[in-house]
file start-v1.txt (compact mmCIF, C-alpha atoms)
# COMPACT_ATOMS: atom_id res chain seq x y z
CA MET G 268 -1.34 -18.21 -5.42
CA GLN G 269 -0.44 -16.03 -2.41
CA LYS G 270 2.78 -17.69 -1.31
CA ASN G 271 4.89 -14.50 -1.51
CA ILE G 272 2.69 -12.32 0.70
CA PRO G 273 4.34 -11.92 4.09
CA ASN G 274 2.51 -11.71 7.38
CA LEU G 275 3.51 -8.71 9.48
CA THR G 276 3.05 -8.39 13.21
CA THR G 277 3.01 -5.08 15.03
CA LYS G 278 2.42 -4.27 18.69
CA ASN G 279 -1.37 -4.58 18.32
CA LEU G 280 -2.02 -6.00 14.85
CA THR G 281 -1.50 -8.93 12.55
CA LEU G 282 -1.33 -7.97 8.88
CA ARG G 283 -2.03 -11.03 6.77
CA PRO G 284 -2.90 -11.79 3.15
CA LEU G 285 -6.43 -11.00 2.05
CA THR G 286 -8.25 -14.04 0.68
CA MET G 287 -11.66 -14.73 -0.79
CA ASP G 288 -12.61 -15.94 2.71
CA ASP G 289 -12.59 -12.22 3.61
CA LEU G 290 -15.29 -11.36 1.08
CA ASP G 291 -18.18 -11.07 3.54
CA ALA G 292 -16.12 -9.00 5.99
CA MET G 293 -14.92 -6.65 3.23
CA PHE G 294 -18.45 -6.27 1.91
CA ARG G 295 -19.67 -5.35 5.41
CA LEU G 296 -16.78 -2.88 5.83
CA PHE G 297 -17.51 -1.11 2.53
CA SER G 298 -21.23 -1.05 3.38
CA GLU G 299 -20.81 0.82 6.67
CA PRO G 300 -22.49 4.26 6.49
CA ASP G 301 -20.24 6.88 4.87
CA MET G 302 -17.26 4.48 4.78
CA LEU G 303 -16.60 5.41 1.14
CA LYS G 304 -17.51 9.08 1.60
CA TYR G 305 -14.07 10.29 0.46
CA PHE G 306 -13.58 7.76 -2.34
CA PRO G 307 -14.11 8.36 -6.08
CA ASN G 308 -17.16 6.07 -6.01
CA PRO G 309 -18.87 6.65 -2.65
CA ASN G 310 -21.76 4.28 -3.35
CA PRO G 311 -21.96 1.15 -1.21
CA PRO G 312 -20.52 -1.70 -3.26
CA THR G 313 -22.06 -4.81 -4.62
CA MET G 314 -20.61 -8.11 -3.52
CA ASP G 315 -18.94 -8.27 -6.96
CA ARG G 316 -17.15 -4.95 -6.30
CA ALA G 317 -15.87 -6.19 -2.94
CA GLN G 318 -14.66 -9.38 -4.62
CA LYS G 319 -12.90 -7.33 -7.32
CA MET G 320 -11.09 -5.33 -4.62
CA ILE G 321 -9.70 -8.50 -3.05
CA GLU G 322 -8.76 -9.90 -6.49
CA THR G 323 -7.00 -6.63 -7.36
CA GLN G 324 -4.93 -6.82 -4.17
CA ILE G 325 -3.92 -10.41 -4.89
CA GLN G 326 -2.90 -9.32 -8.41
CA GLN G 327 -0.91 -6.37 -6.99
CA TRP G 328 1.12 -8.81 -4.89
CA GLU G 329 1.69 -11.10 -7.87
CA LYS G 330 2.62 -8.33 -10.29
CA TYR G 331 4.45 -5.79 -8.10
CA GLY G 332 5.40 -7.65 -4.91
CA LEU G 333 3.24 -5.34 -2.81
CA GLY G 334 -0.38 -4.84 -1.95
CA SER G 335 -2.80 -4.68 0.92
CA TRP G 336 -3.07 -6.91 3.95
CA GLY G 337 -6.08 -7.83 6.02
CA VAL G 338 -5.83 -6.17 9.44
CA VAL G 339 -6.67 -8.28 12.51
CA PRO G 340 -6.13 -6.79 15.98
CA HIS G 341 -4.43 -9.14 18.45
CA GLY G 342 -7.02 -11.07 20.42
CA GLU G 343 -9.62 -10.67 17.66
CA THR G 344 -10.71 -13.09 14.99
CA GLU G 345 -12.68 -10.47 13.08
CA LEU G 346 -11.09 -8.68 10.14
CA ALA G 347 -10.90 -5.01 11.14
CA GLY G 348 -10.15 -3.76 7.63
CA TRP G 349 -7.20 -3.50 5.29
CA ASN G 350 -4.03 -1.52 4.83
CA GLY G 351 -0.99 -1.70 2.64
CA LEU G 352 0.80 -0.42 -0.41
CA GLN G 353 -0.62 0.13 -3.87
CA TYR G 354 1.42 0.71 -7.00
CA LEU G 355 -0.02 3.50 -9.18
CA PRO G 356 1.22 2.82 -12.72
CA GLU G 357 -0.27 6.09 -14.04
CA THR G 358 2.16 8.13 -11.95
CA ASN G 359 4.81 5.50 -11.14
CA GLU G 360 4.26 6.02 -7.41
CA THR G 361 3.54 3.74 -4.47
CA GLU G 362 0.73 4.78 -2.15
CA VAL G 363 0.03 3.67 1.40
CA GLY G 364 -3.66 3.17 2.08
CA TYR G 365 -5.91 1.93 4.88
CA MET G 366 -9.52 1.46 5.87
CA LEU G 367 -10.85 0.16 9.16
CA SER G 368 -14.33 -0.60 10.41
CA ARG G 369 -15.73 2.10 12.67
CA LYS G 370 -15.66 -0.45 15.48
CA PHE G 371 -11.85 -0.16 15.44
CA TRP G 372 -11.49 3.62 15.06
CA GLY G 373 -9.72 5.67 17.70
CA LYS G 374 -7.26 2.95 18.73
CA GLY G 375 -4.31 4.04 16.58
CA TYR G 376 -4.63 0.96 14.34
CA SER G 377 -4.68 2.92 11.06
CA THR G 378 -1.41 4.64 11.96
CA GLU G 379 0.18 1.44 13.27
CA GLY G 380 -0.76 -0.53 10.15
CA ALA G 381 0.23 2.27 7.78
CA ARG G 382 3.62 2.62 9.49
CA ALA G 383 4.19 -1.13 9.11
CA GLY G 384 3.37 -0.87 5.41
CA VAL G 385 5.72 2.08 4.93
CA GLU G 386 8.49 0.29 6.80
CA PHE G 387 7.95 -2.83 4.66
CA GLY G 388 8.16 -0.70 1.51
CA PHE G 389 11.47 0.85 2.48
CA LYS G 390 13.16 -2.10 4.20
CA ASN G 391 11.92 -5.00 2.09
CA LEU G 392 11.23 -3.42 -1.29
CA GLY G 393 13.88 -0.69 -1.34
CA LEU G 394 11.38 1.98 -2.39
CA GLU G 395 12.74 5.51 -2.60
CA ALA G 396 9.47 7.27 -1.69
CA ILE G 397 5.93 6.43 -0.60
CA ILE G 398 2.97 8.75 -0.96
CA GLY G 399 -0.34 9.06 0.80
CA LEU G 400 -3.43 10.43 -0.92
CA VAL G 401 -6.34 11.83 1.01
CA HIS G 402 -9.49 13.79 0.29
CA PRO G 403 -9.03 17.41 1.46
CA GLU G 404 -11.93 17.05 3.94
CA ASN G 405 -10.69 13.78 5.46
CA VAL G 406 -8.81 15.27 8.41
CA ALA G 407 -8.52 11.97 10.32
CA SER G 408 -6.68 10.34 7.40
CA GLN G 409 -4.44 13.37 7.05
CA ARG G 410 -3.43 12.93 10.71
CA VAL G 411 -2.56 9.27 10.07
CA LEU G 412 -0.22 10.26 7.23
CA LEU G 413 1.43 12.95 9.36
CA LYS G 414 1.96 10.43 12.18
CA CYS G 415 3.67 8.19 9.62
CA GLY G 416 6.21 10.95 9.02
CA MET G 417 4.75 12.12 5.73
CA ILE G 418 4.63 15.74 4.73
CA PHE G 419 2.07 17.51 2.57
CA THR G 420 3.50 18.13 -0.89
CA TYR G 421 0.63 19.50 -3.02
CA GLN G 422 -2.96 19.11 -4.14
CA ALA G 423 -3.49 17.15 -7.36
CA ASN G 424 -6.02 15.12 -9.29
CA TYR G 425 -5.85 11.37 -8.62
CA PHE G 426 -8.57 8.85 -9.47
CA GLY G 427 -10.64 11.65 -11.03
CA MET G 428 -10.83 13.77 -7.88
CA GLU G 429 -8.81 16.41 -6.08
CA MET G 430 -6.59 14.90 -3.39
CA PHE G 431 -3.98 16.11 -0.93
CA ARG G 432 -0.70 14.33 -1.67
CA TYR G 433 1.69 13.53 1.17
CA GLN G 434 5.10 11.89 0.86
CA ILE G 435 7.94 10.39 2.84
CA THR G 436 11.28 9.45 1.31
CA ARG G 437 13.47 6.56 2.23
CA GLU G 438 16.04 8.95 3.71
CA GLU G 439 13.40 10.77 5.78
CA PHE G 440 12.06 7.48 7.08
CA PHE G 441 15.43 6.14 8.20
CA THR G 442 16.49 9.40 9.82
CA SER G 443 13.23 9.61 11.79
CA VAL G 444 13.25 6.06 13.19
call {"tool": "encode", "arguments": {"input": "start-v1.txt", "output": "structure tokens"}}
result
Amino acid sequence: MQKNIPNLTTKNLTLRPLTMDDLDAMFRLFSEPDMLKYFPNPNPPTMDRAQKMIETQIQQWEKYGLGSWGVVPHGETELAGWNGLQYLPETNETEVGYMLSRKFWGKGYSTEGARAGVEFGFKNLGLEAIIGLVHPENVASQRVLLKCGMIFTYQANYFGMEMFRYQITREEFFTSV
């Protein structure tokens, strides 16, 4: 079912397919205090909601050839979180996204994983642009997008809430490498 999902390796991370074996880890991640503070539904999820997230990512890979990976730091066995690309059919855009357990914050892993996802999108999928969406108060996530070479484009409504939209084009990516 997940044969076309590549593993990616960065300096500090392994990005690998999410599976149903990750359900407990994803549930714990989503249940950390304020983890979903900047999301459209900030309530801690049920196990069913965590399962649906994993199923949705598997379907994204099957349907669009992109999706999110599980993030595992080198030397760890524990899933640190997820990152990857998400196709947004409503706007015909591809978004980079990420979420890591607090235990792994402050190590540069969000930026490293997001950069790997952006690079995959441009080099392997031939995308012309990738966006990043972030709640206006989520300054840490805004910094991650800036470190990925994205620039702020405008504020808009996505997922029923106001978001800052960032973007990097294929040309910008390859001239900044």
call {"tool": "closest_residue", "arguments": {"input": "start-v1.txt", "among": "G:Thr277, G:Phe294, G:Thr313, G:Leu367", "to": "G:Gly384", "atoms": "all atoms listed in the file"}}
result
G:Thr277
call {"tool": "residues_around", "arguments": {"input": "start-v1.txt", "residues": "stretch 414-423 of chain G", "least_positions_apart": "3", "cutoff": "9 Å", "atoms": "all atoms listed in the file", "output": "PDB file with C-alpha atoms, in the coordinates of the input"}}
result
ATOM      1  CA  THR G 378      -1.410   4.640  11.960  1.00  0.00           C
ATOM      2  CA  GLU G 379       0.180   1.440  13.270  1.00  0.00           C
ATOM      3  CA  ALA G 381       0.230   2.270   7.780  1.00  0.00           C
ATOM      4  CA  ARG G 382       3.620   2.620   9.490  1.00  0.00           C
ATOM      5  CA  VAL G 385       5.720   2.080   4.930  1.00  0.00           C
ATOM      6  CA  ILE G 397       5.930   6.430  -0.600  1.00  0.00           C
ATOM      7  CA  ILE G 398       2.970   8.750  -0.960  1.00  0.00           C
ATOM      8  CA  GLY G 399      -0.340   9.060   0.800  1.00  0.00           C
ATOM      9  CA  PRO G 403      -9.030  17.410   1.460  1.00  0.00           C
ATOM     10  CA  GLN G 409      -4.440  13.370   7.050  1.00  0.00           C
ATOM     11  CA  ARG G 410      -3.430  12.930  10.710  1.00  0.00           C
ATOM     12  CA  VAL G 411      -2.560   9.270  10.070  1.00  0.00           C
ATOM     13  CA  MET G 428     -10.830  13.770  -7.880  1.00  0.00           C
ATOM     14  CA  GLU G 429      -8.810  16.410  -6.080  1.00  0.00           C
ATOM     15  CA  MET G 430      -6.590  14.900  -3.390  1.00  0.00           C
ATOM     16  CA  PHE G 431      -3.980  16.110  -0.930  1.00  0.00           C
ATOM     17  CA  ARG G 432      -0.700  14.330  -1.670  1.00  0.00           C
ATOM     18  CA  TYR G 433       1.690  13.530   1.170  1.00  0.00           C
ATOM     19  CA  GLN G 434       5.100  11.890   0.860  1.00  0.00           C
ATOM     20  CA  ILE G 435       7.940  10.390   2.840  1.00  0.00           C
ATOM     21  CA  THR G 436      11.280   9.450   1.310  1.00  0.00           C
ATOM     22  CA  GLU G 439      13.400  10.770   5.780  1.00  0.00           C
ATOM     23  CA  PHE G 440      12.060   7.480   7.080  1.00  0.00           C
ATOM     24  CA  SER G 443      13.230   9.610  11.790  1.00  0.00           C
TER      25      SER G 443
END
call {"tool": "atom_distance", "arguments": {"input": "start-v1.txt", "atom1": "atom CA of G:Pro307", "atom2": "atom CA of G:Ile325"}}
result
21.4 Å
call {"tool": "atom_distance", "arguments": {"input": "start-v1.txt", "atom1": "atom CA of G:Thr344", "atom2": "atom CA of G:Met314"}}
result
21.6 Å
call {"tool": "atom_distance", "arguments": {"input": "start-v1.txt", "atom1": "atom CA of G:Gly380", "atom2": "atom CA of G:Tyr305"}}
result
19.7 Å
call {"tool": "closest_residue", "arguments": {"input": "start-v1.txt", "among": "G:Val338, G:Met287, G:Ile272, G:Ile321", "to": "G:Ser377", "atoms": "only C-alpha atoms"}}
result
G:Val338
call {"tool": "closest_residue", "arguments": {"input": "start-v1.txt", "among": "G:Arg316, G:Phe306, G:Pro273, G:Lys278", "to": "G:Leu290", "atoms": "only C-alpha atoms"}}
result
G:Arg316
call {"tool": "closest_residue", "arguments": {"input": "start-v1.txt", "among": "G:Ala407, G:Leu412, G:Val339, G:Met320", "to": "G:Val363", "atoms": "only C-alpha atoms"}}
result
G:Leu412
call {"tool": "residues_near_point", "arguments": {"input": "start-v1.txt", "point": "(1.4, 2.4, -10.0)", "cutoff": "12 Å", "atoms": "all atoms listed in the file", "output": "list in words"}}
result
Gln327, Lys330, Tyr331, Gly332, Leu333, Gly334, Leu352, Gln353, Tyr354, Leu355, Pro356, Glu357, Thr358, Asn359, Glu360, Thr361, Glu362, Val363, Ile397, Ile398, Tyr425 and Phe426 of chain G
call {"tool": "closest_residue", "arguments": {"input": "start-v1.txt", "among": "G:Ser335, G:Ser368, G:Thr442, G:Asn350", "to": "G:Thr323", "atoms": "all atoms listed in the file"}}
result
G:Ser335
call {"tool": "closest_residue", "arguments": {"input": "start-v1.txt", "among": "G:Asn405, G:Gln318, G:Asn424, G:Gln324", "to": "G:Leu303", "atoms": "all atoms listed in the file"}}
result
G:Asn405
call {"tool": "residues_around", "arguments": {"input": "start-v1.txt", "residues": "G:Trp336", "least_positions_apart": "5", "cutoff": "7 Å", "atoms": "all atoms listed in the file", "output": "list in words"}}
result
Leu282, Arg283, Pro284, Leu285, Trp349, Asn350 and Gly351 of chain G
call {"tool": "decode", "arguments": {"input": "start-v1.txt", "residues": "stretch 334-349 of chain G", "atoms": "N, CA, C and O atoms", "output": "compact mmCIF listing (two decimals), in the first residue's frame"}}
result
# COMPACT_ATOMS: atom_id res chain seq x y z
N GLY G 334 3.10 13.61 0.40
CA GLY G 334 2.42 13.53 1.68
C GLY G 334 3.42 13.77 2.79
O GLY G 334 4.52 14.27 2.56
N SER G 335 3.05 13.36 3.98
CA SER G 335 3.92 13.56 5.13
C SER G 335 4.68 12.28 5.48
O SER G 335 4.20 11.18 5.24
N TRP G 336 5.85 12.50 6.05
CA TRP G 336 6.69 11.43 6.56
C TRP G 336 6.67 11.45 8.07
O TRP G 336 6.47 12.51 8.68
N GLY G 337 6.98 10.33 8.68
CA GLY G 337 7.29 10.29 10.10
C GLY G 337 8.73 10.75 10.26
O GLY G 337 9.59 10.40 9.45
N VAL G 338 9.00 11.55 11.27
CA VAL G 338 10.33 12.10 11.52
C VAL G 338 10.97 11.35 12.69
O VAL G 338 10.41 11.32 13.79
N VAL G 339 12.13 10.75 12.43
CA VAL G 339 12.87 10.04 13.47
C VAL G 339 14.30 10.58 13.48
O VAL G 339 15.04 10.41 12.50
N PRO G 340 14.70 11.25 14.57
CA PRO G 340 16.09 11.72 14.65
C PRO G 340 17.05 10.54 14.67
O PRO G 340 16.75 9.48 15.24
N HIS G 341 18.23 10.71 14.05
CA HIS G 341 19.24 9.66 14.06
C HIS G 341 19.58 9.30 15.51
O HIS G 341 19.69 10.18 16.37
N GLY G 342 19.71 8.02 15.77
CA GLY G 342 20.02 7.55 17.11
C GLY G 342 18.80 7.37 17.99
O GLY G 342 18.91 6.95 19.13
N GLU G 343 17.63 7.72 17.48
CA GLU G 343 16.37 7.58 18.23
C GLU G 343 15.54 6.47 17.61
O GLU G 343 15.66 6.19 16.41
N THR G 344 14.69 5.89 18.38
CA THR G 344 13.70 4.95 17.83
C THR G 344 12.32 5.58 17.90
O THR G 344 11.41 5.17 17.19
N GLU G 345 12.19 6.61 18.71
CA GLU G 345 10.92 7.27 18.93
C GLU G 345 10.58 8.21 17.77
O GLU G 345 11.44 8.96 17.30
N LEU G 346 9.33 8.16 17.34
CA LEU G 346 8.84 9.09 16.33
C LEU G 346 8.79 10.48 16.96
O LEU G 346 8.15 10.68 17.99
N ALA G 347 9.48 11.44 16.36
CA ALA G 347 9.52 12.80 16.88
C ALA G 347 8.33 13.63 16.42
O ALA G 347 7.98 14.62 17.04
N GLY G 348 7.72 13.23 15.31
CA GLY G 348 6.61 13.98 14.74
C GLY G 348 6.47 13.66 13.28
O GLY G 348 6.79 12.57 12.83
N TRP G 349 6.00 14.64 12.53
CA TRP G 349 5.79 14.45 11.09
C TRP G 349 6.18 15.73 10.36
O TRP G 349 6.21 16.80 10.93
